[in-house]
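structure-v5.cif follows (mmCIF, C-alpha atoms and all ligand atoms):
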```cif
data_final
loop_
_atom_site.label_atom_id
_atom_site.label_comp_id
_atom_site.auth_asym_id
_atom_site.auth_seq_id
_atom_site.Cartn_x
_atom_site.Cartn_y
_atom_site.Cartn_z
CA MET A 1 -7.80 -2.19 16.91
CA GLU A 2 -4.98 -4.25 18.40
CA SER A 3 -1.78 -4.84 16.52
CA ALA A 4 -1.34 -8.08 14.59
CA TYR A 5 1.59 -8.89 16.91
CA THR A 6 -0.59 -8.59 20.00
CA LEU A 7 -3.31 -10.68 18.37
CA ALA A 8 -0.78 -13.31 17.28
CA ALA A 9 0.66 -13.50 20.81
CA LYS A 10 -2.87 -13.93 22.20
CA GLU A 11 -3.62 -16.67 19.72
CA LEU A 12 -0.40 -18.45 20.61
CA SER A 13 -1.31 -18.24 24.28
CA ASP A 14 -4.77 -19.67 23.45
CA ILE A 15 -3.07 -22.55 21.65
CA GLN A 16 -0.92 -23.22 24.75
CA THR A 17 -3.97 -23.13 27.03
CA GLU A 18 -5.96 -25.41 24.76
CA ASN A 19 -3.17 -27.98 24.61
CA LYS A 20 -2.75 -27.82 28.38
CA MET A 21 -6.47 -28.40 28.89
CA GLN A 22 -6.32 -31.29 26.45
CA MET A 23 -3.44 -32.75 28.51
CA GLU A 24 -5.41 -32.37 31.74
CA TYR A 25 -8.43 -33.99 30.18
CA ARG A 26 -6.34 -36.94 29.00
CA HIS A 27 -4.78 -37.25 32.44
CA SER A 28 -8.12 -37.39 34.24
CA GLU A 29 -9.37 -39.86 31.64
CA VAL A 30 -6.39 -42.14 32.34
CA CYS A 31 -6.69 -41.81 36.14
CA ALA A 32 -10.37 -42.69 35.99
CA LYS A 33 -9.61 -45.86 34.08
CA ILE A 34 -6.40 -46.87 35.89
CA PRO A 35 -6.84 -46.37 39.67
CA ASP A 36 -3.14 -47.02 40.46
CA PHE A 37 -1.93 -44.40 38.06
CA LEU A 38 -1.94 -41.47 40.51
CA ASP A 39 0.04 -43.52 43.06
CA ILE A 40 2.68 -44.35 40.46
CA GLU A 41 2.92 -40.68 39.58
CA SER A 42 3.38 -39.58 43.17
CA GLU A 43 6.04 -42.28 43.59
CA LEU A 44 7.78 -40.80 40.57
CA VAL A 45 7.71 -37.37 42.19
CA SER A 46 9.26 -38.84 45.38
CA PHE A 47 11.95 -40.54 43.31
CA GLY A 48 12.63 -37.18 41.65
CA THR A 49 13.20 -35.58 45.04
CA LEU A 50 15.48 -38.46 46.06
CA LEU A 51 17.47 -38.10 42.86
CA LEU A 52 18.01 -34.41 43.54
CA LYS A 53 19.13 -35.16 47.09
CA SER A 54 21.49 -37.83 45.76
CA VAL A 55 23.09 -35.32 43.37
CA LEU A 56 23.58 -32.94 46.29
CA HIS A 57 25.17 -35.73 48.36
CA ASN A 58 27.88 -36.94 46.01
CA GLY A 59 25.59 -39.29 44.08
CA LYS A 60 24.67 -41.61 46.94
CA ASP A 61 22.32 -44.38 45.65
CA TYR A 62 22.06 -42.48 42.37
CA GLU A 63 21.97 -45.55 40.12
CA THR A 64 19.38 -47.34 42.30
CA ILE A 65 17.07 -44.30 42.26
CA LYS A 66 17.53 -43.83 38.53
CA LYS A 67 16.63 -47.48 37.95
CA GLY A 68 13.53 -47.02 40.13
CA ILE A 69 12.43 -44.05 38.02
CA GLN A 70 12.95 -45.96 34.78
CA GLU A 71 10.90 -48.87 36.10
CA LYS A 72 8.00 -46.62 37.12
CA GLN A 73 8.08 -44.85 33.76
CA ALA A 74 8.02 -48.18 31.94
CA LEU A 75 5.15 -49.31 34.21
CA LYS A 76 3.16 -46.19 33.24
CA LYS A 77 3.60 -46.99 29.56
CA THR A 78 2.65 -50.63 30.06
CA LEU A 79 -0.48 -49.66 31.98
CA LEU A 80 -1.47 -47.14 29.32
CA LYS A 81 -1.06 -49.72 26.59
CA LYS A 82 -2.87 -52.42 28.56
CA ASN A 83 -5.83 -50.09 29.01
CA GLY A 84 -6.11 -49.18 25.36
CA PHE A 85 -4.26 -45.82 25.37
CA PRO A 86 -1.31 -44.99 23.09
CA GLU A 87 2.05 -45.13 24.94
CA ASP A 88 2.67 -41.42 24.35
CA TYR A 89 -0.87 -40.45 25.36
CA LEU A 90 0.33 -38.30 28.26
CA ASP A 91 3.34 -36.74 26.51
CA GLU A 92 3.19 -32.97 26.20
CA ILE A 93 1.05 -31.76 23.28
CA TYR A 94 2.50 -29.13 20.95
CA THR A 95 0.83 -27.61 17.92
CA CYS A 96 4.22 -26.49 16.57
CA SER A 97 7.01 -29.00 17.05
CA GLU A 98 9.62 -26.44 15.93
CA CYS A 99 9.17 -24.05 18.86
CA ARG A 100 6.97 -26.19 21.15
CA ASP A 101 4.44 -23.35 21.02
CA THR A 102 6.79 -20.81 22.57
CA GLY A 103 6.89 -18.75 19.36
CA PHE A 104 10.69 -18.69 19.40
CA VAL A 105 13.47 -20.88 18.01
CA ASN A 106 16.99 -19.99 19.15
CA GLY A 107 15.80 -16.54 20.16
CA LEU A 108 14.23 -15.82 16.76
CA ARG A 109 10.54 -15.70 15.92
CA CYS A 110 9.28 -19.11 14.86
CA ASN A 111 7.55 -19.45 11.50
CA CYS A 112 4.30 -20.42 13.21
CA PHE A 113 4.27 -17.03 14.96
CA LYS A 114 5.04 -15.20 11.73
CA GLN A 115 2.15 -17.00 10.03
CA LEU A 116 -0.15 -15.91 12.86
CA VAL A 117 1.01 -12.31 12.46
CA LEU A 118 0.39 -12.51 8.72
CA LYS A 119 -3.07 -13.89 9.31
CA HIS A 120 -3.90 -10.97 11.56
CA ILE A 121 -2.33 -8.40 9.28
CA GLY A 122 -5.13 -9.55 7.00
CA THR A 123 -3.10 -8.89 3.92
CA ASN A 124 -1.37 -12.22 4.31
CA SER A 125 1.23 -12.54 1.56
CA ASN A 126 -0.75 -9.86 -0.31
CA LEU A 127 -0.62 -11.93 -3.49
CA THR A 128 -3.75 -11.39 -5.60
CA GLU A 129 -5.90 -14.36 -6.62
CA LEU A 130 -4.33 -14.21 -10.07
CA MET A 131 -0.81 -14.18 -8.62
CA LYS A 132 -1.60 -17.23 -6.47
CA LYS A 133 -2.14 -19.17 -9.70
CA GLN A 134 1.19 -18.06 -11.14
CA THR A 135 3.39 -21.02 -10.28
CA PHE A 136 6.42 -22.70 -11.81
CA GLU A 137 4.14 -25.63 -12.65
CA ASN A 138 1.90 -23.28 -14.67
CA PHE A 139 4.79 -21.46 -16.36
CA ASP A 140 3.74 -21.17 -20.02
CA PHE A 141 6.84 -21.22 -22.21
CA SER A 142 4.72 -21.03 -25.35
CA LEU A 143 4.37 -17.30 -24.68
CA PHE A 144 8.04 -16.78 -25.51
CA LYS A 145 9.46 -16.70 -28.99
CA CYS A 146 12.18 -19.16 -29.81
CA GLN A 147 13.85 -17.04 -32.51
CA PRO A 148 16.69 -14.89 -31.29
CA ASP A 149 16.19 -11.11 -31.36
CA ILE A 150 18.53 -8.71 -33.15
CA ASN A 151 21.04 -9.14 -30.32
CA GLY A 152 21.01 -12.90 -30.80
CA ARG A 153 19.06 -13.58 -27.59
CA SER A 154 16.14 -15.97 -27.66
CA PRO A 155 13.29 -14.92 -25.32
CA LEU A 156 12.40 -18.59 -24.85
CA VAL A 157 15.93 -19.59 -23.79
CA ILE A 158 16.07 -16.63 -21.42
CA ALA A 159 12.65 -17.47 -19.94
CA GLN A 160 13.79 -21.05 -19.33
CA LYS A 161 16.96 -19.83 -17.65
CA LEU A 162 15.05 -17.37 -15.45
CA CYS A 163 12.64 -20.13 -14.50
CA ASP A 164 15.53 -22.43 -13.48
CA ILE A 165 17.20 -19.69 -11.45
CA GLY A 166 13.84 -18.85 -9.84
CA ILE A 167 13.22 -22.47 -8.83
CA THR A 168 16.68 -22.83 -7.29
CA PHE A 169 16.27 -19.54 -5.46
CA ALA A 170 12.77 -20.36 -4.17
CA ASN A 171 13.93 -23.74 -2.88
CA SER A 172 16.97 -22.43 -1.03
CA PHE A 173 16.91 -18.68 -0.31
CA ASP A 174 16.58 -19.25 3.43
CA ARG A 175 19.89 -21.11 3.40
CA THR A 176 21.77 -19.21 0.67
CA LYS A 177 20.57 -15.75 1.86
CA LYS A 178 20.56 -14.62 -1.76
CA ASN A 179 18.60 -11.69 -3.17
CA ILE A 180 17.32 -10.94 -6.64
CA LEU A 181 16.98 -7.78 -8.69
CA ILE A 182 14.73 -8.37 -11.71
CA LEU A 183 15.00 -5.74 -14.41
CA GLY A 184 13.02 -5.56 -17.63
CA ASN A 185 10.32 -3.71 -19.50
CA ALA A 186 6.70 -3.69 -18.38
CA GLY A 187 4.88 -6.94 -18.95
CA THR A 188 7.92 -9.11 -19.64
CA GLY A 189 7.15 -11.43 -16.73
CA LYS A 190 8.87 -9.81 -13.73
CA THR A 191 5.82 -10.00 -11.48
CA TYR A 192 5.02 -13.44 -12.85
CA LEU A 193 8.46 -14.75 -11.89
CA SER A 194 8.17 -13.12 -8.45
CA SER A 195 4.76 -14.76 -7.95
CA CYS A 196 6.14 -18.20 -8.90
CA ILE A 197 8.94 -17.78 -6.35
CA ALA A 198 6.51 -16.47 -3.72
CA ASN A 199 4.11 -19.39 -4.20
CA ARG A 200 6.93 -21.94 -3.96
CA ALA A 201 8.25 -20.23 -0.80
CA ILE A 202 4.77 -20.28 0.78
CA GLU A 203 4.46 -23.98 -0.10
CA ARG A 204 7.71 -24.48 1.80
CA GLY A 205 6.18 -22.83 4.86
CA LYS A 206 8.11 -19.58 4.49
CA THR A 207 6.49 -16.22 5.13
CA VAL A 208 6.25 -13.90 2.16
CA TYR A 209 5.10 -10.34 1.77
CA TYR A 210 4.55 -8.82 -1.64
CA GLN A 211 3.94 -5.15 -2.22
CA SER A 212 4.36 -2.63 -5.03
CA ALA A 213 6.97 0.02 -4.28
CA TYR A 214 4.34 2.71 -4.79
CA ARG A 215 1.97 1.31 -2.17
CA LEU A 216 4.69 0.24 0.26
CA PHE A 217 6.34 3.65 0.47
CA ASP A 218 2.97 5.39 0.56
CA MET A 219 2.08 3.34 3.66
CA LEU A 220 5.47 3.87 5.29
CA GLU A 221 5.27 7.60 4.64
CA GLN A 222 1.79 7.87 6.11
CA ILE A 223 2.99 6.19 9.30
CA LYS A 224 6.24 8.15 9.48
CA PHE A 225 4.56 11.54 9.14
CA GLY A 226 1.60 10.70 11.37
CA ARG A 227 -0.94 10.86 8.55
CA SER A 228 -2.33 7.45 9.43
CA ASP A 229 -2.99 5.57 12.66
CA SER A 230 -3.66 2.32 10.84
CA GLU A 231 -2.48 -0.61 12.96
CA GLU A 232 -2.16 -2.60 9.76
CA PHE A 233 0.26 -0.07 8.27
CA LYS A 234 2.25 -0.06 11.51
CA ASP A 235 2.45 -3.85 11.49
CA ILE A 236 3.57 -3.84 7.88
CA SER A 237 6.26 -1.28 8.63
CA ARG A 238 7.73 -3.79 11.14
CA TYR A 239 6.92 -6.82 9.10
CA VAL A 240 8.95 -5.78 6.05
CA TYR A 241 12.04 -6.32 8.22
CA GLU A 242 10.97 -9.72 9.59
CA VAL A 243 9.26 -11.62 6.78
CA ASP A 244 11.32 -14.49 5.29
CA LEU A 245 10.94 -13.19 1.74
CA LEU A 246 10.04 -9.61 0.88
CA ILE A 247 9.08 -8.74 -2.68
CA ILE A 248 9.11 -5.08 -3.71
CA ASP A 249 7.56 -4.84 -7.15
CA ASP A 250 7.94 -2.03 -9.65
CA LEU A 251 10.62 -0.02 -7.92
CA GLY A 252 10.71 3.41 -9.53
CA THR A 253 6.94 3.89 -9.59
CA GLU A 254 6.93 5.38 -6.08
CA PHE A 255 7.30 9.13 -5.50
CA VAL A 256 11.01 9.30 -4.90
CA THR A 257 11.71 11.55 -1.94
CA GLN A 258 14.47 11.79 0.64
CA PHE A 259 12.26 9.73 2.93
CA THR A 260 11.51 6.92 0.46
CA THR A 261 15.17 6.65 -0.56
CA ALA A 262 16.27 6.41 3.06
CA ALA A 263 13.49 3.96 3.95
CA LEU A 264 14.32 1.77 0.96
CA PHE A 265 18.00 1.68 1.87
CA ASP A 266 17.18 0.85 5.47
CA ILE A 267 14.92 -2.07 4.49
CA ILE A 268 17.38 -3.43 1.90
CA ASN A 269 20.41 -3.01 4.16
CA SER A 270 18.79 -4.36 7.34
CA ARG A 271 17.50 -7.41 5.53
CA ILE A 272 20.97 -8.13 4.10
CA ASN A 273 22.46 -7.79 7.59
CA SER A 274 19.90 -10.14 9.11
CA GLY A 275 20.28 -12.70 6.30
CA LYS A 276 16.74 -12.29 4.98
CA SER A 277 16.11 -12.48 1.26
CA THR A 278 14.48 -9.80 -0.85
CA ILE A 279 13.34 -9.62 -4.47
CA VAL A 280 13.16 -6.21 -6.09
CA SER A 281 11.80 -5.72 -9.59
CA SER A 282 11.94 -2.59 -11.70
CA ASN A 283 11.30 -1.23 -15.18
CA LEU A 284 14.33 1.00 -14.72
CA SER A 285 17.70 0.08 -16.14
CA PHE A 286 20.53 -0.26 -13.66
CA GLU A 287 22.01 2.97 -15.05
CA ASP A 288 18.74 4.80 -14.36
CA MET A 289 18.71 3.37 -10.85
CA ARG A 290 22.10 4.88 -10.19
CA LYS A 291 20.69 8.27 -11.14
CA VAL A 292 17.52 7.96 -9.07
CA TYR A 293 18.81 6.30 -5.89
CA SER A 294 21.76 6.76 -3.60
CA GLN A 295 25.09 5.25 -4.46
CA ARG A 296 25.07 3.26 -1.21
CA LEU A 297 21.80 1.60 -2.26
CA THR A 298 22.91 0.71 -5.78
CA SER A 299 26.18 -0.61 -4.39
CA ARG A 300 24.11 -3.03 -2.24
CA PHE A 301 22.26 -4.06 -5.39
CA SER A 302 25.63 -4.54 -7.13
CA GLY A 303 27.26 -6.52 -4.39
CA GLU A 304 24.48 -8.51 -2.75
CA TYR A 305 21.86 -9.09 -5.46
CA MET A 306 21.71 -11.48 -8.43
CA HIS A 307 20.68 -9.45 -11.46
CA LEU A 308 18.09 -10.98 -13.78
CA GLN A 309 16.99 -9.34 -17.00
CA THR A 310 13.67 -10.29 -18.57
CA LEU A 311 13.25 -10.08 -22.29
CA GLY A 312 10.47 -10.15 -24.86
CA ARG A 313 7.47 -8.13 -25.75
CA ASP A 314 4.69 -7.22 -23.41
CA LEU A 315 3.14 -10.59 -22.49
CA ARG A 316 -0.04 -8.87 -21.41
CA MET A 317 -0.44 -7.84 -25.05
CA LYS A 318 0.28 -11.33 -26.30
CA ASN A 319 -2.92 -11.64 -28.30
CA HIS A 320 -1.87 -8.65 -30.33
CA THR A 321 1.84 -9.03 -30.65
CA LEU A 322 2.84 -12.68 -30.57
ZN ZN B 1 6.47 -22.52 16.19
#
```

As structure tokens, please, write out the structure in this file.
Amino acid sequence: MESAYTLAAKELSDIQTENKMQMEYRHSEVCAKIPDFLDIESELVSFGTLLLKSVLHNGKDYETIKKGIQEKQALKKTLLKKNGFPEDYLDEIYTCSECRDTGFVNGLRCNCFKQLVLKHIGTNSNLTELMKKQTFENFDFSLFKCQPDINGRSPLVIAQKLCDIGITFANSFDRTKKNILILGNAGTGKTYLSSCIANRAIERGKTVYYQSAYRLFDMLEQIKFGRSDSEEFKDISRYVYEVDLLIIDDLGTEFVTQFTTAALFDIINSRINSGKSTIVSSNLSFEDMRKVYSQRLTSRFSGEYMHLQTLGRDLRMKNHTL
């Protein structure tokens, strides 16, 4: 099986070919209907040569040649219009206006290419069908109690605050380069909040990859130690560095080894350095994290991550407890 990157590059090249063929078809269509069109085009080519010569000879007749070119170009447009074609009918055709189908913008992978890679990875954002329905619009505040707990904190007020922070983050993380660490007990809405952010980011055309820490590090370990040849795993091991928004859910449920700790630090650190946002959620307290992971990792979480704390009883048990 070929890698998702190879398949994405092939698909991009197919898109380029298809658009080129479409251009050629349009051109022959126009030439068939407007017999003079080819002559005008060859005159334009001659003018182009003259213009180049003029530049090489201190701009001799430059303005006259330029005027000639403009007149021919205007004539082309007039003829197109007169014969029932749109004026821009022969302009270059691009499927992605951002990168003009090159797959790159300012030397970085264009979003259209990333989407193609995701499509071929097959996992796409990896959000489950249920998670795809978890949006800010569907956020159900009635699940949270209004009364403050013994510490004077109202789960409802906190949920509303988290929702507001989540919306702001989801709408701007690509500009602000912020990251989020969501801490809280099981079932208090950490994954739900992550899903809402992920869905909003996807709506905005950003690439998102969600994975539980357990599964992510299992895949990375299998690749690292040669226990798997899966192209998909290999793609994911590259993709976690490139995706616009990476969500690592349930940190602390993975088998913590020297390898997983180092791999986690590398992902977190590289993404900070390249200005890509990450959301990490965990049932662990920050104190527990300090014990489990390296100091250099928790110092990244301290310095570069917004810390959000969820509150409330297990929402998955709501029928029994609320
Ligand atoms: Zn593009």

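A distance cut-off of 7 Å from ligand ZN 1 (chain B), applied to all atoms listed in the file, picks out the residues Cys96, Ser97, Glu98, Cys99, Arg100, Asp101, Thr102, Gly103, Phe104, Cys110, Asn111, Cys112 and Phe113 of chain A.
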
- Select, from A:Thr6, A:Asn83, A:Asn106, A:Asn171, the residue with the minimum atom-to-atom distance to Glu29 of chain A, counting only C-alpha atoms. A:Asn83

- Query: Using only C-alpha atoms, which residue out of A:Leu297, A:Leu108, A:Ile267, A:Leu127 lies closest to Thr191 of chain A?
  - Reply: A:Leu127

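Remark: for Tyr210 of chain A, the closest of the candidate residues A:Cys146, A:Leu118, A:Leu284, A:Met289 is A:Leu118 (distances computed over all atoms listed in the file).
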
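Of the residues listed (A:Gln295, A:Gly275, A:Lys114, A:Ser237), A:Lys114 shows the shortest atom-to-atom separation from Lys206 of chain A; distances use only C-alpha atoms.
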
- Message: Taking all atoms listed in the file into account, name the residue in A:Arg271, A:Phe144, A:Arg109, A:Gly59 that is nearest to Glu304 of chain A.
- Response: A:Arg271

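Once Gly68 of chain A and its same-chain neighbours fewer than 4 positions away are set aside, Phe47, Thr64 and Lys72 of chain A remain within 8 Å of it when counting all atoms listed in the file.
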
Near-Asp164 of chain A list (12 Å; only C-alpha atoms; drop same-chain fewer than 3 positions) as a short mmCIF file (atom, residue, chain, number, x, y, z; two decimals) with C-alpha atoms, keeping the file's coordinate frame:
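Here's the written file selection-v2.cif:
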```cif
data_model
loop_
_atom_site.label_atom_id
_atom_site.label_comp_id
_atom_site.auth_asym_id
_atom_site.auth_seq_id
_atom_site.Cartn_x
_atom_site.Cartn_y
_atom_site.Cartn_z
CA PHE A 136 6.42 -22.70 -11.81
CA GLU A 137 4.14 -25.63 -12.65
CA PHE A 139 4.79 -21.46 -16.36
CA VAL A 157 15.93 -19.59 -23.79
CA ILE A 158 16.07 -16.63 -21.42
CA ALA A 159 12.65 -17.47 -19.94
CA GLN A 160 13.79 -21.05 -19.33
CA LYS A 161 16.96 -19.83 -17.65
CA ILE A 167 13.22 -22.47 -8.83
CA THR A 168 16.68 -22.83 -7.29
CA PHE A 169 16.27 -19.54 -5.46
CA ALA A 170 12.77 -20.36 -4.17
CA ASN A 171 13.93 -23.74 -2.88
CA LEU A 193 8.46 -14.75 -11.89
CA CYS A 196 6.14 -18.20 -8.90
CA ILE A 197 8.94 -17.78 -6.35
CA LEU A 308 18.09 -10.98 -13.78
#
```

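You can rank A:Asp174, A:Tyr241, A:Val256, A:Tyr192 by their closest distance to Ser270 of chain A using all atoms listed in the file, and at the top of that list sits A:Tyr241.
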
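The protein and nucleic acid residues lying at most 10 Å from Lys10 of chain A are Ala4, Gln16 and Leu116 of chain A, with all atoms listed in the file considered and sequence neighbours fewer than 6 positions away removed.
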
- Which protein, DNA or RNA residues are at most 12 Å from (-2.9, -23.6, 23.4) in the file's coordinates when you count all atoms listed in the file, listed as a PyMOL selection string? chain A and resi 9-23+92-96+100-103

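Distance-wise, atom CA of Met306 of chain A and atom CA of Val280 of chain A end up 10.3 Å apart.
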
Around segment 17-24 of chain A, fit a box with edges along x, y and z, padding it by 5 Å on each side, then list its centre and edge lengths in Å to one decimal as AutoDock Vina command-line options.
```
--center_x -4.6 --center_y -27.9 --center_z 28.2 --size_x 13.7 --size_y 19.6 --size_z 17.1
```

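Distance-wise, atom CA of Asn273 of chain A and atom CA of Ile248 of chain A end up 17.7 Å apart.
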
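Straight-line separation from atom CA of Ser282 of chain A to atom CA of Ile182 of chain A: 6.4 Å.
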
- All residues 9 Å or closer to Val208 of chain A, all atoms listed in the file, same chain fewer than 3 positions away omitted, as a ChimeraX atom specification: /A:118,124-126,198-199,201-202,243-247

Set the distance at 12 Å and use all atoms listed in the file: which residues neighbour Leu156 of chain A once local chain neighbours fewer than 4 positions away are removed? I'd like the list as a PDB file with C-alpha atoms, in the frame of the given file.
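Below is the file result-v3.pdb, written as the result:
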```
ATOM      1  CA  PHE A 139       4.790 -21.460 -16.360  1.00  0.00           C
ATOM      2  CA  ASP A 140       3.740 -21.170 -20.020  1.00  0.00           C
ATOM      3  CA  PHE A 141       6.840 -21.220 -22.210  1.00  0.00           C
ATOM      4  CA  SER A 142       4.720 -21.030 -25.350  1.00  0.00           C
ATOM      5  CA  LEU A 143       4.370 -17.300 -24.680  1.00  0.00           C
ATOM      6  CA  PHE A 144       8.040 -16.780 -25.510  1.00  0.00           C
ATOM      7  CA  LYS A 145       9.460 -16.700 -28.990  1.00  0.00           C
ATOM      8  CA  CYS A 146      12.180 -19.160 -29.810  1.00  0.00           C
ATOM      9  CA  GLN A 147      13.850 -17.040 -32.510  1.00  0.00           C
ATOM     10  CA  PRO A 148      16.690 -14.890 -31.290  1.00  0.00           C
ATOM     11  CA  ASP A 149      16.190 -11.110 -31.360  1.00  0.00           C
ATOM     12  CA  GLY A 152      21.010 -12.900 -30.800  1.00  0.00           C
ATOM     13  CA  GLN A 160      13.790 -21.050 -19.330  1.00  0.00           C
ATOM     14  CA  LYS A 161      16.960 -19.830 -17.650  1.00  0.00           C
ATOM     15  CA  LEU A 162      15.050 -17.370 -15.450  1.00  0.00           C
ATOM     16  CA  CYS A 163      12.640 -20.130 -14.500  1.00  0.00           C
ATOM     17  CA  THR A 188       7.920  -9.110 -19.640  1.00  0.00           C
ATOM     18  CA  THR A 310      13.670 -10.290 -18.570  1.00  0.00           C
ATOM     19  CA  LEU A 311      13.250 -10.080 -22.290  1.00  0.00           C
ATOM     20  CA  GLY A 312      10.470 -10.150 -24.860  1.00  0.00           C
ATOM     21  CA  ARG A 313       7.470  -8.130 -25.750  1.00  0.00           C
TER      22      ARG A 313
END
```
